[in-house]
Every structure is written in C-alpha cells, then in structure tokens.
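Since the structure comes first, as structure tokens, the remarks are kept for the end.
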Number of protein chains: 2
Amino acid sequence: MPFSLAPQTSADGVTEQSFTLGEIPGVLFTPQDATGPRPLILMGHGGGQHKKAPGVLAGAHRFAAEGGFAVAAIDAPHHGDRPKDERFLRFAGDMRARMAAGEDPAELVSAMHDLLAGQAVADWQAVLTALQGLDHVGAGPVGYWGVSMGCGLGLPLLAAEPRIGAAVLGLLGVHGLAATAARVTVPVQFLLQWDDTRVPRDRALALFDALGSADKTLHANPGDHGETPAFETGHALQFFTRHLGMRSDASREDTGNSLL
Amino acid sequence: MPFSLAPQTSADGVTEQSFTLGEIPGVLFTPQDATGPRPLILMGHGGGQHKKAPGVLAGAHRFAAEGGFAVAAIDAPHHGDRPKDERFLRFAGDMRARMAAGEDPAELVSAMHDLLAGQAVADWQAVLTALQGLDHVGAGPVGYWGVSMGCGLGLPLLAAEPRIGAAVLGLLGVHGLAATAARVTVPVQFLLQWDDTRVPRDRALALFDALGSADKTLHANPGDHGETPAFETGHALQFFTRHLGMRSDASREDTGNSLL
C-alpha cells in the first residue's frame, strides 16, 4: 500500500506527523528531533472516537515526551476521517435504537466489534510494518494501548500479531471475547472502572480473568466508564517502560515527573 | 510511656534505629544523615510475622532510600519480641486446629484480628505521637502500609486515627470488617492476589468495595497470598509520594529507579 508521511509539526517536545497508508489515516508521535530506533506504542481509540481523541492525545504526548517512545494512532474502520459505508451506518443506527429499547448493550457492542475487527487487525498489521521501516521508529519492541472499543479490537490484534509484546487494555466486558482473550499471552495492564454504567463489573473482571497472560495486573478505580484517573496514564507509561524498555535517562527523569 | 531510641546503624543509604515505647518494640528507618521533618509511613506486618519480616524490610528500605520518607514498624501484640500470653497461645492453637479441621478460615482470622485490634490501635497511636516528637520525623503527613493481618489491624487504626492521611492495604477479605472499612475515608491503594488460596477473591473485592474512600484504587495480580509482585512496592512508593508529598529531587530521581 502507498505510504505517505506529512511534514512534521512539533509542540511540547513532541513531533506529530500525519500519515496515510492506503486508505488508513494515522498520526505518528515521536520525541522532538528523535533519531534512531525506539519502542513503538500503538493506540486504539474508543467507539465513535478517532485517532486524535483527547484520551489518545494525552497518552501519546506523555508516552513520547516522557518515555521517549514512538506512538501511532489510526482511525478505526468507519471512524474519524474514514468513509462510513451503508452497512455500518445501518448497523450503528440499529444499535442505538436497540440500546434505547433496553436491549443488553454487551450483545450489541460485541456485534459491532466483530463487524470491525477483521479490517482493524489487518490495518494495524500493515501500519506496524510501514512504521517499522522508518529510521526514527525501527523494528524494536512494540506495545498496544486501547480501552473500550480499543480493547475489543485490540484483543484480536494481540491474538494474531506476535510483534506486539505488551498491552494496556480494559473498560470492556468478557462478552464474546473469552476465547480471544485466552490466546493473549503477553503482559497486560487492565483498567476497570468500579462504577462503570456501560460495563458490568463482573463481566469486566471476567475478561481480566480470561486473559491467557501469566503477567497481568488489574487496576480498578471508582467512577464511570469515562472517568479513569489521570494517574493511570503514568502507570501505563511505567508498564510500557518495564516491558518495552526505553532510554534510561528519559525513564528516570520523566517517569518521576509523571507521578507527582 | 518511656521512649528509648537505640544508636543508629546504616546500610544502603538507610539508617535503622531500634526503639521501645513502653512494652512496644519497634524500628525506625530514615534516609542516612536525615535531618528535619519528613512524611512518616507506618508499616504493619502480617500474622505470625514481626517488625523486620522480609516484606516489611523491603518496603521500608525503598520508602526511606528512594522516597526520603521516615518509616516505622513495630511488633504487633503477641508477635515478634513481645510476650505471648496464655490466652493468645490457646487461641492460636485452637485456630490452627480448626483450620486443619476445615473450618472457614475467614471466621477464625477475623476473630484473631478482633483479639488484637484494640491493643494494636493503641500501640500505633502512642508510637505515632512519640515518633512525631523526633527532629528527623516531625509532625508532618503520615501514611500506613499493611496487608493481610496488617490490613486487618490497619483498618481499625485508620478508622480511629485522623493523623493518617493515606494507606496501602489488601490481601484480606471483608469478613467482620465492612462497617470499619466504611469509616475509612482517606486515599487507599488496595492489593489483591487473583489466585489467593487464603482469601476468596469475591471477599477481597467486597472489602475494596466496602472502603468509604472516594479515592481508592485496586491492584490485582496473579498468584497466591504471598506472591505480590515486587513492582507493587514501587507503586506503593508512588502512591505515598502523591498523597504525602516528599522531596521532589528524591521523588524524581528515585521513582524512576524504582520502575525499571
């Protein structure tokens, strides 16, 4: 697929480069003036969001500025700058109507993720290959960050893609994912919101339980679906630092900053 | 009560001073050559352990060396260097026998903690007052760290003692503690072992749920009761740093070290 990378724009010590790979729009975040290979973190956004949603941007800037990582985010199929086809629009409308009518959202959310997962996994695998060809990324360790839909599309990616060595996931229940989660064996940090009105607590605990990883850690905090505390971004940075490695100077100096 | 502090012995940048307050034997850990006030962390050991049990020592040295904290550990009633009276010995023997006979351990563990809690709370309150009179401790912010029995005796302490502003707890179930936990309102980091053969998962989750704290975070990891991963000591250090404050130079430099 044709791969084009836009000129760089920098802010807060982070360089952003928009890119397109075939029909896939994405953005690459790297430390300003970065040269040479570095660990890469792929970030999957939530349902209805896009590659520059606030939660993605906040994490991407800290992972790059404080951790020295390269970070890539792309629009999921039918999200952000990508075209939405008739089938997707019908499905989404039908989903909203059935949720409003009181149907179990887990069933509908799972069906939506199934609709997108095949394309999403193929997209990430192609993007990963393209990004690893860049001098300031390289073929080093790779991590994945994604919660809610980013977890629902991330689990099939992790089950299929051996280049990804660690993941931060969560804010999703086990519905339809138990078998896929069991095939995930890399270290996982799993986020759960104790008062999540969209994801029943027992189903989220069951998804953590279903992960095949020997090294997995659950972080649960009070609050609803969208209320994960900001300090969890610091814990995610430390988790990726432990498992993907990074410049020790960046880790020592900047991880400290990120905790206070 | 008479308070006596032994001469200092130092290792790895940490100064240890044994002390006795009345009948209570304890040890105070401070950064080597520490002068002036600093936040204080009280550490409660597990059942059958003592003030210098490996888990306590490991945390105390990191909290002092990397965080700049003062750290105090004491022997719980009938533990360590303290006399065990007839009633306690009978109770402990009876407890072992009933556990061996297959009785619900939660019932017996809860009864043991009830037997010790009143004295343990009074001990900690007196020790806290004595330590806050020392020049290199002072009357600054105070935290508490204790898991298993250290949690069972720590919850009544936190419910009774307003000088303690944050706590790391866990490895215990809700049995007999729901009302006490509801009276705890300070920030809590709660440790849970996903495969704990002594504490049923649902009861540990119920104790986390019962905490009255608006700011509480659950960290669950795979493994049995005694298998909490070492990186949780780093998370505890960061938690106390966030909530009790510390020397920013120590926090920046040393929190980084503690993560890698």
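Naming scheme: A, B, ... for chains in displayed order of the structure tokens; residues 1 onward per chain; ligands 1 onward as shown.
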(message) Can you tell me, as a ChimeraX atom specification, which residues in range 27-192 of chain B count as alpha helix (DSSP H) by DSSP?
(response) /B:54-67,86-100,105-131,149-160,178-182
(request) Do a neighbour search on range 44-57 of chain A at 7 Å with only C-alpha atoms, toss out local chain neighbours closer than 4 positions, and write the hits as a list in words. (result)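 In the requested form, the answer reads Gly26, His61, Ala73, Ile74, Asp75, His79, Gly80, Trp145, Gly146, Val147, Ser148, Met149 and Gly150 of chain A.
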Dump as a CSV table (one decimal), in the first residue's frame, selection limited to N, CA, C and O atoms:
```csv
chain,number,residue,atom,x,y,z
A,26,GLY,N,-3.6,8.1,9.8
A,26,GLY,CA,-3.0,7.9,11.1
A,26,GLY,C,-2.1,9.1,11.5
A,26,GLY,O,-1.9,10.1,10.7
A,61,HIS,N,1.2,12.0,23.9
A,61,HIS,CA,2.1,13.0,24.2
A,61,HIS,C,3.0,12.6,25.4
A,61,HIS,O,4.2,12.9,25.4
A,73,ALA,N,-1.3,6.4,16.2
A,73,ALA,CA,-2.8,6.2,16.4
A,73,ALA,C,-3.4,6.2,14.9
A,73,ALA,O,-2.9,7.0,14.1
A,74,ILE,N,-4.4,5.4,14.7
A,74,ILE,CA,-5.1,5.4,13.4
A,74,ILE,C,-6.6,5.5,13.6
A,74,ILE,O,-7.1,5.2,14.7
A,75,ASP,N,-7.3,5.9,12.6
A,75,ASP,CA,-8.8,5.9,12.7
A,75,ASP,C,-9.2,4.4,12.5
A,75,ASP,O,-8.8,3.8,11.5
A,79,HIS,N,-14.5,5.1,11.2
A,79,HIS,CA,-14.4,6.2,12.3
A,79,HIS,C,-13.5,7.3,11.7
A,79,HIS,O,-12.7,7.1,10.8
A,80,GLY,N,-13.6,8.5,12.4
A,80,GLY,CA,-12.7,9.6,12.1
A,80,GLY,C,-12.8,10.0,10.7
A,80,GLY,O,-13.9,10.3,10.2
A,145,TRP,N,-2.0,0.1,23.3
A,145,TRP,CA,-2.9,0.7,24.3
A,145,TRP,C,-4.2,0.8,23.7
A,145,TRP,O,-4.4,1.4,22.6
A,146,GLY,N,-5.3,0.3,24.4
A,146,GLY,CA,-6.6,0.5,23.9
A,146,GLY,C,-7.6,0.1,24.9
A,146,GLY,O,-7.6,-1.0,25.5
A,147,VAL,N,-8.6,1.0,25.2
A,147,VAL,CA,-9.7,0.6,26.2
A,147,VAL,C,-11.0,0.7,25.5
A,147,VAL,O,-11.1,1.4,24.4
A,148,SER,N,-12.1,0.1,26.1
A,148,SER,CA,-13.4,0.1,25.5
A,148,SER,C,-13.3,-0.5,24.1
A,148,SER,O,-12.8,-1.6,23.9
A,149,MET,N,-13.7,0.2,23.0
A,149,MET,CA,-13.6,-0.4,21.7
A,149,MET,C,-12.1,-0.7,21.3
A,149,MET,O,-11.8,-1.7,20.6
A,150,GLY,N,-11.3,0.1,21.9
A,150,GLY,CA,-9.8,-0.1,21.6
A,150,GLY,C,-9.3,-1.4,22.2
A,150,GLY,O,-8.3,-2.0,21.8
```
(request) Would you mind listing what lies within 8 Å of range 1-14 of chain B as a PyMOL selection string, with only C-alpha atoms counted and same-chain residues fewer than 2 positions away left out? (result) chain B and resi 16-22+29-32+61+64-65+130
(message) So the first atom is CA of Pro200 in chain B and the second is CA of Gly170 in chain B; what is the distance between them in Å, to one decimal place?
(response)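 Going from CA of Pro200 in chain B over to CA of Gly170 in chain B, I get 12.4 Å.
The nearest approach to chain A among the residues B:Glu66, B:Pro83, B:Met99, B:Leu158, with only C-alpha atoms taken into account, belongs to B:Glu66.
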Shell of 9 Å around Gln189 in chain A, only C-alpha atoms, local chain residues under 3 positions omitted, as a PDB file with N, CA and C atoms, in the first residue's frame:
```pdb
ATOM      1  N   ALA A 166       3.403  -6.243  24.702  1.00  0.00           N
ATOM      2  CA  ALA A 166       2.778  -5.811  25.965  1.00  0.00           C
ATOM      3  C   ALA A 166       1.591  -4.916  25.632  1.00  0.00           C
ATOM      4  N   ALA A 167       0.569  -4.906  26.505  1.00  0.00           N
ATOM      5  CA  ALA A 167      -0.628  -4.122  26.197  1.00  0.00           C
ATOM      6  C   ALA A 167      -1.310  -3.575  27.442  1.00  0.00           C
ATOM      7  N   VAL A 168      -1.837  -2.359  27.323  1.00  0.00           N
ATOM      8  CA  VAL A 168      -2.749  -1.775  28.306  1.00  0.00           C
ATOM      9  C   VAL A 168      -4.145  -1.821  27.696  1.00  0.00           C
ATOM     10  N   LEU A 169      -5.075  -2.513  28.395  1.00  0.00           N
ATOM     11  CA  LEU A 169      -6.418  -2.751  27.886  1.00  0.00           C
ATOM     12  C   LEU A 169      -7.431  -2.430  28.974  1.00  0.00           C
ATOM     13  N   GLY A 170      -8.717  -2.651  28.701  1.00  0.00           N
ATOM     14  CA  GLY A 170      -9.721  -2.540  29.755  1.00  0.00           C
ATOM     15  C   GLY A 170     -11.001  -1.850  29.330  1.00  0.00           C
ATOM     16  N   ASP A 215       1.534 -12.776  33.166  1.00  0.00           N
ATOM     17  CA  ASP A 215       1.840 -11.478  33.776  1.00  0.00           C
ATOM     18  C   ASP A 215       0.727 -10.504  33.391  1.00  0.00           C
ATOM     19  N   LYS A 216      -0.250 -10.359  34.289  1.00  0.00           N
ATOM     20  CA  LYS A 216      -1.344  -9.405  34.044  1.00  0.00           C
ATOM     21  C   LYS A 216      -1.667  -8.727  35.361  1.00  0.00           C
ATOM     22  N   THR A 217      -2.012  -7.449  35.293  1.00  0.00           N
ATOM     23  CA  THR A 217      -2.318  -6.704  36.506  1.00  0.00           C
ATOM     24  C   THR A 217      -3.563  -5.870  36.257  1.00  0.00           C
ATOM     25  N   LEU A 218      -4.480  -5.900  37.219  1.00  0.00           N
ATOM     26  CA  LEU A 218      -5.753  -5.182  37.115  1.00  0.00           C
ATOM     27  C   LEU A 218      -5.678  -3.911  37.952  1.00  0.00           C
ATOM     28  N   HIS A 219      -6.021  -2.768  37.341  1.00  0.00           N
ATOM     29  CA  HIS A 219      -6.123  -1.518  38.084  1.00  0.00           C
ATOM     30  C   HIS A 219      -7.574  -1.065  38.049  1.00  0.00           C
ATOM     31  N   HIS A 235       0.892   5.217  35.157  1.00  0.00           N
ATOM     32  CA  HIS A 235       1.112   3.779  35.370  1.00  0.00           C
ATOM     33  C   HIS A 235       1.300   3.054  34.037  1.00  0.00           C
ATOM     34  N   ALA A 236       0.558   3.493  33.007  1.00  0.00           N
ATOM     35  CA  ALA A 236       0.711   2.872  31.683  1.00  0.00           C
ATOM     36  C   ALA A 236       2.122   3.141  31.142  1.00  0.00           C
ATOM     37  N   PHE A 239       4.445   0.869  32.899  1.00  0.00           N
ATOM     38  CA  PHE A 239       4.242  -0.510  32.433  1.00  0.00           C
ATOM     39  C   PHE A 239       4.958  -0.736  31.100  1.00  0.00           C
TER      40      PHE A 239
END
```
Selection: 9 Å around Val199 in chain B, only C-alpha atoms, excl. self and same-chain fewer than 4 positions, as a PDB file with N, CA, C and O atoms, in the first residue's frame:
```
ATOM      1  N   PRO B 105     -11.636 -20.327  57.291  1.00  0.00           N
ATOM      2  CA  PRO B 105     -10.551 -19.548  57.904  1.00  0.00           C
ATOM      3  C   PRO B 105     -10.944 -18.091  58.143  1.00  0.00           C
ATOM      4  O   PRO B 105     -10.487 -17.479  59.106  1.00  0.00           O
ATOM      5  N   ALA B 106     -11.820 -17.545  57.297  1.00  0.00           N
ATOM      6  CA  ALA B 106     -12.171 -16.121  57.438  1.00  0.00           C
ATOM      7  C   ALA B 106     -12.720 -15.827  58.825  1.00  0.00           C
ATOM      8  O   ALA B 106     -12.368 -14.838  59.464  1.00  0.00           O
ATOM      9  N   LEU B 171      -4.947  -7.944  50.628  1.00  0.00           N
ATOM     10  CA  LEU B 171      -4.735  -9.364  50.947  1.00  0.00           C
ATOM     11  C   LEU B 171      -5.605  -9.820  52.115  1.00  0.00           C
ATOM     12  O   LEU B 171      -5.163 -10.574  52.986  1.00  0.00           O
ATOM     13  N   LEU B 172      -6.842  -9.334  52.137  1.00  0.00           N
ATOM     14  CA  LEU B 172      -7.780  -9.693  53.199  1.00  0.00           C
ATOM     15  C   LEU B 172      -9.200  -9.598  52.651  1.00  0.00           C
ATOM     16  O   LEU B 172      -9.451  -8.827  51.725  1.00  0.00           O
ATOM     17  N   GLY B 173     -10.096 -10.388  53.248  1.00  0.00           N
ATOM     18  CA  GLY B 173     -11.494 -10.363  52.850  1.00  0.00           C
ATOM     19  C   GLY B 173     -12.323  -9.462  53.743  1.00  0.00           C
ATOM     20  O   GLY B 173     -11.846  -8.952  54.759  1.00  0.00           O
ATOM     21  N   GLN B 193      -4.498 -10.540  45.468  1.00  0.00           N
ATOM     22  CA  GLN B 193      -3.874 -11.613  44.686  1.00  0.00           C
ATOM     23  C   GLN B 193      -4.973 -12.483  44.077  1.00  0.00           C
ATOM     24  O   GLN B 193      -5.815 -13.048  44.794  1.00  0.00           O
ATOM     25  N   ASP B 195      -5.205 -15.281  42.721  1.00  0.00           N
ATOM     26  CA  ASP B 195      -5.286 -16.727  42.975  1.00  0.00           C
ATOM     27  C   ASP B 195      -5.003 -17.032  44.448  1.00  0.00           C
ATOM     28  O   ASP B 195      -4.428 -18.063  44.793  1.00  0.00           O
ATOM     29  N   ARG B 203     -14.510 -12.070  48.339  1.00  0.00           N
ATOM     30  CA  ARG B 203     -14.490 -11.391  49.641  1.00  0.00           C
ATOM     31  C   ARG B 203     -13.478 -10.255  49.671  1.00  0.00           C
ATOM     32  O   ARG B 203     -13.687  -9.239  50.333  1.00  0.00           O
ATOM     33  N   ALA B 204     -12.354 -10.426  48.958  1.00  0.00           N
ATOM     34  CA  ALA B 204     -11.370  -9.340  48.882  1.00  0.00           C
ATOM     35  C   ALA B 204     -11.940  -8.181  48.061  1.00  0.00           C
ATOM     36  O   ALA B 204     -11.815  -7.012  48.434  1.00  0.00           O
ATOM     37  N   HIS B 225      -1.396 -15.871  47.956  1.00  0.00           N
ATOM     38  CA  HIS B 225      -1.387 -14.866  49.027  1.00  0.00           C
ATOM     39  C   HIS B 225      -0.058 -14.132  49.174  1.00  0.00           C
ATOM     40  O   HIS B 225      -0.030 -12.913  49.298  1.00  0.00           O
TER      41      HIS B 225
END
```
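Atom pair CA of Asn221 in chain A / CA of Arg62 in chain B has a distance of 25.3 Å (rounded to one decimal).
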(request) May I ask for the distance between CA of Leu157 in chain B and CA of Thr228 in chain B, given in Å to one decimal place? (result)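 Going from CA of Leu157 in chain B over to CA of Thr228 in chain B covers 23.4 Å.
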